[in-house]
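*Asks:* My structure is below; once you've seen it, I'll send some questions.
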Amino acid sequence: MSTPNKEELLSDIAQFLIDEQEIYGAFTFTSKEEEEILTPIDSDSEIKNVHESALETVDKSFSNKKPENQKPITLNERLEACQDLKQLQQLCDEADELHTDLEGTRLVFGVGDPNANLMLIGEAPGEQEDKEGEPFVGAAGQLLNKILAAIDFKREDVYIANILKHRPPGNRNPSREERMRSLPYLLRQIDLVRPKLILCLGKVSGTTLLDRDDSLKNLRGDFYPFRNTLLAVTYHPAALLRNPQWKRPVWEDVQKVQKKVTELSEGK
């Protein structure tokens, strides 16, 4: 292999140092090392010697910084390391993959009793939820509060979350890609709450968790085994605002939910 000329060598060394600094952070040379690298080069033999010397110097500089036998931490490992909702919320706040393509949105993590027997899961935050950082606080949230009150639950008695943690543009339905990116975080959230029963609010929530492409009409009325608990599906409160005729089916659904949660809480 031919010996590189001076310009090629300096270019190679510069690029090598840039690449190494991006991976391992800033580093410094001793004055002696600087002198060896920066001394003018005249002959091909000197070019070769400096090339080898520079590589050796950089290797020594990073030898104490390279983690030995350390594998990259996986998402699952980071999620498992979260022992409570506060730690998980911090992880979610730092997770770029939870953002949608709408810039400047606020994390809407979840709210309620961290040990709730009943967990409600919607689809995604809306504009009002994005402003306040809390799920179901707009008109749909007020209706949800009334639905809960009708079955003797207060908002603070349950835990409420969404599939997505950030608002999508135009309040559109979450895309499959967005839901799949968000799902691992939600599943860890469910495992930390450990509810007796999960009530999915809306088709997107139900089909995502059940991994089942079906109509909401077909999903209603049953309890599905899910992560050591049970899961039911009903209409989203926002849908009731547009279609009041669905209020009756929702009333029937939540009555079943109330009865089942009571049975499970009493160990029946």
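In the structure tokens, chains take letters A, B, ... by order of appearance, with residues numbered from 1 within each chain and ligands from 1 in the order shown.
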Just the residues within 6 Å of A:Ile121, please, counting only C-alpha atoms, with nothing from its chain fewer than 2 positions along; format it as a list in words.

*Replies:*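 Selected residues are Ile160, Ala161, Asn162, Cys200 and Leu201 of chain A.
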
*Asks:* What does the file look like for those residues with N, CA and C atoms, as a CSV table (one decimal), in the first residue's frame?

*Replies:*
```
chain,number,residue,atom,x,y,z
A,160,ILE,N,-55.9,7.4,34.5
A,160,ILE,CA,-56.3,7.8,33.1
A,160,ILE,C,-55.0,8.0,32.3
A,161,ALA,N,-54.9,7.4,31.1
A,161,ALA,CA,-53.8,7.6,30.2
A,161,ALA,C,-54.3,7.5,28.8
A,162,ASN,N,-53.3,7.7,27.8
A,162,ASN,CA,-53.6,7.6,26.4
A,162,ASN,C,-52.6,6.6,25.8
A,200,CYS,N,-60.8,0.5,27.7
A,200,CYS,CA,-60.3,1.3,26.5
A,200,CYS,C,-61.4,2.2,26.0
A,201,LEU,N,-61.1,3.4,25.8
A,201,LEU,CA,-62.1,4.4,25.3
A,201,LEU,C,-61.8,4.7,23.9
```

*Asks:* Please provide as a PDB file with C-alpha atoms, in the first residue's frame all residues within 8 Å of A:Pro168, with the sequence filter that same-chain residues fewer than 4 positions apart are discarded (counting only C-alpha atoms).

*Replies:*
```pdb
ATOM      1  CA  THR A 100     -45.510  13.250  16.816  1.00  0.00           C
ATOM      2  CA  ASP A 101     -44.694  15.478  13.841  1.00  0.00           C
ATOM      3  CA  LEU A 102     -46.371  18.392  15.618  1.00  0.00           C
ATOM      4  CA  ALA A 124     -54.209  10.653  22.159  1.00  0.00           C
ATOM      5  CA  PRO A 125     -54.138  14.084  23.800  1.00  0.00           C
ATOM      6  CA  GLY A 126     -56.135  16.894  22.227  1.00  0.00           C
ATOM      7  CA  ARG A 172     -56.150  13.230  13.989  1.00  0.00           C
ATOM      8  CA  ASN A 173     -56.151   9.553  14.891  1.00  0.00           C
ATOM      9  CA  PRO A 174     -52.698   8.260  15.828  1.00  0.00           C
TER      10      PRO A 174
END
```

*Asks:* Within 10 Å of stretch 236-254 of chain A, which residues of stretch 126-212 of chain A come that close, and what is the closest atom pair and distance in Å for each? Count only C-alpha atoms and give it as a tab-separated table.

*Replies:*
```
residue	atom	partner	partner_atom	distance
A:Phe136	CA	A:Pro237	CA	9.1
A:Gly138	CA	A:Ala238	CA	9.4
A:Ala139	CA	A:Ala238	CA	7.7
A:Ala140	CA	A:Ala238	CA	4.9
A:Gly141	CA	A:Pro237	CA	7.4
A:Gln142	CA	A:Pro237	CA	9.0
A:Leu143	CA	A:Pro237	CA	6.4
A:Leu144	CA	A:Pro237	CA	6.1
A:Asn145	CA	A:Pro237	CA	9.8
A:Ile147	CA	A:Trp251	CA	7.7
A:Leu148	CA	A:Val254	CA	8.2
A:Ala150	CA	A:Trp251	CA	8.7
A:Ile151	CA	A:Val254	CA	7.2
A:Leu199	CA	A:Val254	CA	8.7
A:Cys200	CA	A:His236	CA	8.2
A:Leu201	CA	A:His236	CA	4.5
A:Gly202	CA	A:His236	CA	4.3
A:Lys203	CA	A:His236	CA	7.8
A:Val204	CA	A:His236	CA	9.5
A:Ser205	CA	A:His236	CA	9.2
```

*Asks:* Filtering to N, CA and C atoms, could you give me those residues as a compact mmCIF listing (two decimals), in the first residue's frame?

*Replies:*
```txt
# COMPACT_ATOMS: atom_id res chain seq x y z
N PHE A 136 -57.88 14.02 29.11
CA PHE A 136 -59.32 14.16 29.31
C PHE A 136 -59.69 15.34 30.23
N GLY A 138 -60.91 18.40 28.53
CA GLY A 138 -61.82 19.24 27.76
C GLY A 138 -63.26 18.81 27.94
N ALA A 139 -64.07 19.06 26.92
CA ALA A 139 -65.49 18.68 26.98
C ALA A 139 -65.65 17.18 27.14
N ALA A 140 -64.82 16.41 26.43
CA ALA A 140 -64.88 14.95 26.55
C ALA A 140 -64.50 14.51 27.96
N GLY A 141 -63.56 15.22 28.56
CA GLY A 141 -63.16 14.90 29.92
C GLY A 141 -64.26 15.18 30.93
N GLN A 142 -65.00 16.25 30.73
CA GLN A 142 -66.12 16.57 31.63
C GLN A 142 -67.20 15.50 31.53
N LEU A 143 -67.44 15.03 30.31
CA LEU A 143 -68.42 13.97 30.13
C LEU A 143 -67.91 12.67 30.78
N LEU A 144 -66.64 12.40 30.66
CA LEU A 144 -66.07 11.21 31.29
C LEU A 144 -66.24 11.27 32.81
N ASN A 145 -66.05 12.44 33.38
CA ASN A 145 -66.24 12.59 34.83
C ASN A 145 -67.67 12.22 35.23
N ILE A 147 -69.68 10.19 33.56
CA ILE A 147 -69.85 8.75 33.37
C ILE A 147 -69.28 8.00 34.58
N LEU A 148 -68.12 8.43 35.05
CA LEU A 148 -67.51 7.79 36.22
C LEU A 148 -68.38 7.98 37.46
N ALA A 150 -71.50 8.26 37.59
CA ALA A 150 -72.71 7.43 37.48
C ALA A 150 -72.48 6.01 37.97
N ILE A 151 -71.22 5.57 38.00
CA ILE A 151 -70.92 4.22 38.52
C ILE A 151 -70.10 4.32 39.81
N LEU A 199 -60.27 -0.19 30.88
CA LEU A 199 -61.35 0.18 29.98
C LEU A 199 -60.78 1.05 28.88
N CYS A 200 -60.79 0.51 27.66
CA CYS A 200 -60.32 1.26 26.49
C CYS A 200 -61.44 2.16 25.99
N LEU A 201 -61.12 3.42 25.81
CA LEU A 201 -62.09 4.40 25.34
C LEU A 201 -61.83 4.68 23.86
N GLY A 202 -62.62 4.08 23.01
CA GLY A 202 -62.49 4.28 21.57
C GLY A 202 -61.87 3.10 20.85
N LYS A 203 -62.14 3.04 19.56
CA LYS A 203 -61.66 1.93 18.73
C LYS A 203 -60.15 1.87 18.66
N VAL A 204 -59.50 3.02 18.50
CA VAL A 204 -58.04 3.03 18.35
C VAL A 204 -57.38 2.42 19.58
N SER A 205 -57.86 2.80 20.76
CA SER A 205 -57.30 2.25 21.99
C SER A 205 -57.53 0.74 22.07
```

*Asks:* Which of stretch 167-255 of chain A end up as alpha helix (DSSP H) when DSSP is run on this backbone - answer as a PDB file with N, CA and C atoms, in the first residue's frame?

*Replies:*
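Final output, result16.pdb:
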```pdb
ATOM      1  N   ARG A 176     -50.333   4.179  12.856  1.00  0.00           N
ATOM      2  CA  ARG A 176     -49.841   2.904  13.396  1.00  0.00           C
ATOM      3  C   ARG A 176     -48.404   3.044  13.892  1.00  0.00           C
ATOM      4  N   GLU A 177     -47.582   3.768  13.158  1.00  0.00           N
ATOM      5  CA  GLU A 177     -46.189   3.949  13.564  1.00  0.00           C
ATOM      6  C   GLU A 177     -46.104   4.665  14.911  1.00  0.00           C
ATOM      7  N   GLU A 178     -46.904   5.710  15.090  1.00  0.00           N
ATOM      8  CA  GLU A 178     -46.918   6.438  16.359  1.00  0.00           C
ATOM      9  C   GLU A 178     -47.368   5.531  17.499  1.00  0.00           C
ATOM     10  N   ARG A 179     -48.385   4.724  17.237  1.00  0.00           N
ATOM     11  CA  ARG A 179     -48.898   3.836  18.285  1.00  0.00           C
ATOM     12  C   ARG A 179     -47.876   2.782  18.670  1.00  0.00           C
ATOM     13  N   MET A 180     -47.167   2.228  17.693  1.00  0.00           N
ATOM     14  CA  MET A 180     -46.178   1.201  17.989  1.00  0.00           C
ATOM     15  C   MET A 180     -44.982   1.775  18.746  1.00  0.00           C
ATOM     16  N   ARG A 181     -44.634   3.019  18.461  1.00  0.00           N
ATOM     17  CA  ARG A 181     -43.541   3.658  19.193  1.00  0.00           C
ATOM     18  C   ARG A 181     -43.932   3.928  20.644  1.00  0.00           C
ATOM     19  N   SER A 182     -45.203   4.229  20.859  1.00  0.00           N
ATOM     20  CA  SER A 182     -45.679   4.598  22.191  1.00  0.00           C
ATOM     21  C   SER A 182     -46.054   3.390  23.044  1.00  0.00           C
ATOM     22  N   LEU A 183     -46.411   2.293  22.392  1.00  0.00           N
ATOM     23  CA  LEU A 183     -46.961   1.146  23.108  1.00  0.00           C
ATOM     24  C   LEU A 183     -46.058   0.590  24.205  1.00  0.00           C
ATOM     25  N   PRO A 184     -44.755   0.416  23.999  1.00  0.00           N
ATOM     26  CA  PRO A 184     -43.926  -0.136  25.085  1.00  0.00           C
ATOM     27  C   PRO A 184     -43.991   0.697  26.362  1.00  0.00           C
ATOM     28  N   TYR A 185     -44.052   2.005  26.212  1.00  0.00           N
ATOM     29  CA  TYR A 185     -44.124   2.891  27.381  1.00  0.00           C
ATOM     30  C   TYR A 185     -45.473   2.727  28.089  1.00  0.00           C
ATOM     31  N   LEU A 186     -46.538   2.615  27.318  1.00  0.00           N
ATOM     32  CA  LEU A 186     -47.863   2.434  27.909  1.00  0.00           C
ATOM     33  C   LEU A 186     -47.953   1.090  28.634  1.00  0.00           C
ATOM     34  N   LEU A 187     -47.401   0.051  28.040  1.00  0.00           N
ATOM     35  CA  LEU A 187     -47.456  -1.269  28.674  1.00  0.00           C
ATOM     36  C   LEU A 187     -46.722  -1.263  30.016  1.00  0.00           C
ATOM     37  N   ARG A 188     -45.599  -0.561  30.079  1.00  0.00           N
ATOM     38  CA  ARG A 188     -44.902  -0.454  31.354  1.00  0.00           C
ATOM     39  C   ARG A 188     -45.739   0.341  32.356  1.00  0.00           C
ATOM     40  N   GLN A 189     -46.437   1.359  31.862  1.00  0.00           N
ATOM     41  CA  GLN A 189     -47.314   2.155  32.707  1.00  0.00           C
ATOM     42  C   GLN A 189     -48.431   1.279  33.295  1.00  0.00           C
ATOM     43  N   ILE A 190     -49.000   0.429  32.466  1.00  0.00           N
ATOM     44  CA  ILE A 190     -50.040  -0.498  32.930  1.00  0.00           C
ATOM     45  C   ILE A 190     -49.480  -1.442  33.989  1.00  0.00           C
ATOM     46  N   ASP A 191     -48.282  -1.976  33.748  1.00  0.00           N
ATOM     47  CA  ASP A 191     -47.679  -2.917  34.690  1.00  0.00           C
ATOM     48  C   ASP A 191     -47.388  -2.264  36.036  1.00  0.00           C
ATOM     49  N   LEU A 192     -47.052  -0.972  36.018  1.00  0.00           N
ATOM     50  CA  LEU A 192     -46.767  -0.275  37.271  1.00  0.00           C
ATOM     51  C   LEU A 192     -48.042   0.049  38.044  1.00  0.00           C
ATOM     52  N   VAL A 193     -49.120   0.373  37.338  1.00  0.00           N
ATOM     53  CA  VAL A 193     -50.396   0.650  37.999  1.00  0.00           C
ATOM     54  C   VAL A 193     -51.030  -0.647  38.510  1.00  0.00           C
ATOM     55  N   LYS A 203     -62.138   3.042  19.561  1.00  0.00           N
ATOM     56  CA  LYS A 203     -61.665   1.927  18.731  1.00  0.00           C
ATOM     57  C   LYS A 203     -60.146   1.872  18.658  1.00  0.00           C
ATOM     58  N   VAL A 204     -59.501   3.022  18.497  1.00  0.00           N
ATOM     59  CA  VAL A 204     -58.041   3.032  18.354  1.00  0.00           C
ATOM     60  C   VAL A 204     -57.377   2.420  19.580  1.00  0.00           C
ATOM     61  N   SER A 205     -57.863   2.795  20.755  1.00  0.00           N
ATOM     62  CA  SER A 205     -57.302   2.247  21.986  1.00  0.00           C
ATOM     63  C   SER A 205     -57.528   0.738  22.067  1.00  0.00           C
ATOM     64  N   GLY A 206     -58.754   0.303  21.807  1.00  0.00           N
ATOM     65  CA  GLY A 206     -59.071  -1.114  21.912  1.00  0.00           C
ATOM     66  C   GLY A 206     -58.323  -1.975  20.916  1.00  0.00           C
ATOM     67  N   THR A 207     -58.307  -1.571  19.660  1.00  0.00           N
ATOM     68  CA  THR A 207     -57.647  -2.380  18.632  1.00  0.00           C
ATOM     69  C   THR A 207     -56.131  -2.393  18.804  1.00  0.00           C
ATOM     70  N   THR A 208     -55.558  -1.295  19.329  1.00  0.00           N
ATOM     71  CA  THR A 208     -54.108  -1.247  19.547  1.00  0.00           C
ATOM     72  C   THR A 208     -53.690  -2.219  20.641  1.00  0.00           C
ATOM     73  N   LEU A 209     -54.368  -2.178  21.767  1.00  0.00           N
ATOM     74  CA  LEU A 209     -53.977  -3.044  22.880  1.00  0.00           C
ATOM     75  C   LEU A 209     -54.293  -4.514  22.606  1.00  0.00           C
ATOM     76  N   LEU A 210     -55.406  -4.762  21.931  1.00  0.00           N
ATOM     77  CA  LEU A 210     -55.774  -6.149  21.629  1.00  0.00           C
ATOM     78  C   LEU A 210     -55.090  -6.668  20.360  1.00  0.00           C
ATOM     79  N   LEU A 216     -65.627  -1.408  16.636  1.00  0.00           N
ATOM     80  CA  LEU A 216     -65.868  -1.186  18.053  1.00  0.00           C
ATOM     81  C   LEU A 216     -67.121  -1.924  18.505  1.00  0.00           C
ATOM     82  N   LYS A 217     -68.086  -1.992  17.613  1.00  0.00           N
ATOM     83  CA  LYS A 217     -69.325  -2.709  17.928  1.00  0.00           C
ATOM     84  C   LYS A 217     -69.041  -4.163  18.295  1.00  0.00           C
ATOM     85  N   ASN A 218     -68.130  -4.794  17.565  1.00  0.00           N
ATOM     86  CA  ASN A 218     -67.798  -6.190  17.839  1.00  0.00           C
ATOM     87  C   ASN A 218     -66.923  -6.350  19.090  1.00  0.00           C
ATOM     88  N   LEU A 219     -66.158  -5.303  19.414  1.00  0.00           N
ATOM     89  CA  LEU A 219     -65.265  -5.392  20.563  1.00  0.00           C
ATOM     90  C   LEU A 219     -65.996  -5.176  21.884  1.00  0.00           C
ATOM     91  N   PRO A 237     -65.592   9.172  24.914  1.00  0.00           N
ATOM     92  CA  PRO A 237     -66.521  10.253  25.280  1.00  0.00           C
ATOM     93  C   PRO A 237     -66.695  11.308  24.201  1.00  0.00           C
ATOM     94  N   ALA A 238     -65.640  11.583  23.443  1.00  0.00           N
ATOM     95  CA  ALA A 238     -65.757  12.574  22.367  1.00  0.00           C
ATOM     96  C   ALA A 238     -66.752  12.108  21.310  1.00  0.00           C
ATOM     97  N   ALA A 239     -66.823  10.794  21.089  1.00  0.00           N
ATOM     98  CA  ALA A 239     -67.778  10.259  20.115  1.00  0.00           C
ATOM     99  C   ALA A 239     -69.203  10.446  20.607  1.00  0.00           C
ATOM    100  N   LEU A 240     -69.395  10.417  21.908  1.00  0.00           N
ATOM    101  CA  LEU A 240     -70.743  10.613  22.457  1.00  0.00           C
ATOM    102  C   LEU A 240     -71.223  12.042  22.266  1.00  0.00           C
ATOM    103  N   LEU A 241     -70.275  12.981  22.255  1.00  0.00           N
ATOM    104  CA  LEU A 241     -70.651  14.377  22.031  1.00  0.00           C
ATOM    105  C   LEU A 241     -71.180  14.578  20.613  1.00  0.00           C
ATOM    106  N   ARG A 242     -70.667  13.784  19.685  1.00  0.00           N
ATOM    107  CA  ARG A 242     -71.116  13.875  18.286  1.00  0.00           C
ATOM    108  C   ARG A 242     -72.294  12.950  18.005  1.00  0.00           C
ATOM    109  N   LYS A 247     -74.845   6.933  23.909  1.00  0.00           N
ATOM    110  CA  LYS A 247     -74.752   7.051  25.364  1.00  0.00           C
ATOM    111  C   LYS A 247     -75.335   5.817  26.065  1.00  0.00           C
ATOM    112  N   ARG A 248     -76.418   5.285  25.514  1.00  0.00           N
ATOM    113  CA  ARG A 248     -77.031   4.111  26.115  1.00  0.00           C
ATOM    114  C   ARG A 248     -76.095   2.903  26.107  1.00  0.00           C
ATOM    115  N   PRO A 249     -75.464   2.574  24.966  1.00  0.00           N
ATOM    116  CA  PRO A 249     -74.502   1.467  24.975  1.00  0.00           C
ATOM    117  C   PRO A 249     -73.350   1.682  25.953  1.00  0.00           C
ATOM    118  N   VAL A 250     -72.877   2.922  26.061  1.00  0.00           N
ATOM    119  CA  VAL A 250     -71.787   3.204  26.995  1.00  0.00           C
ATOM    120  C   VAL A 250     -72.244   2.971  28.429  1.00  0.00           C
ATOM    121  N   TRP A 251     -73.467   3.387  28.731  1.00  0.00           N
ATOM    122  CA  TRP A 251     -74.023   3.170  30.069  1.00  0.00           C
ATOM    123  C   TRP A 251     -74.072   1.676  30.397  1.00  0.00           C
ATOM    124  N   GLU A 252     -74.460   0.883  29.435  1.00  0.00           N
ATOM    125  CA  GLU A 252     -74.494  -0.562  29.638  1.00  0.00           C
ATOM    126  C   GLU A 252     -73.076  -1.112  29.861  1.00  0.00           C
ATOM    127  N   ASP A 253     -72.126  -0.589  29.088  1.00  0.00           N
ATOM    128  CA  ASP A 253     -70.743  -1.061  29.211  1.00  0.00           C
ATOM    129  C   ASP A 253     -70.162  -0.733  30.579  1.00  0.00           C
ATOM    130  N   VAL A 254     -70.342   0.496  31.030  1.00  0.00           N
ATOM    131  CA  VAL A 254     -69.700   0.900  32.280  1.00  0.00           C
ATOM    132  C   VAL A 254     -70.374   0.238  33.491  1.00  0.00           C
ATOM    133  N   GLN A 255     -71.654  -0.108  33.376  1.00  0.00           N
ATOM    134  CA  GLN A 255     -72.292  -0.854  34.456  1.00  0.00           C
ATOM    135  C   GLN A 255     -71.643  -2.228  34.611  1.00  0.00           C
TER     136      GLN A 255
END
```
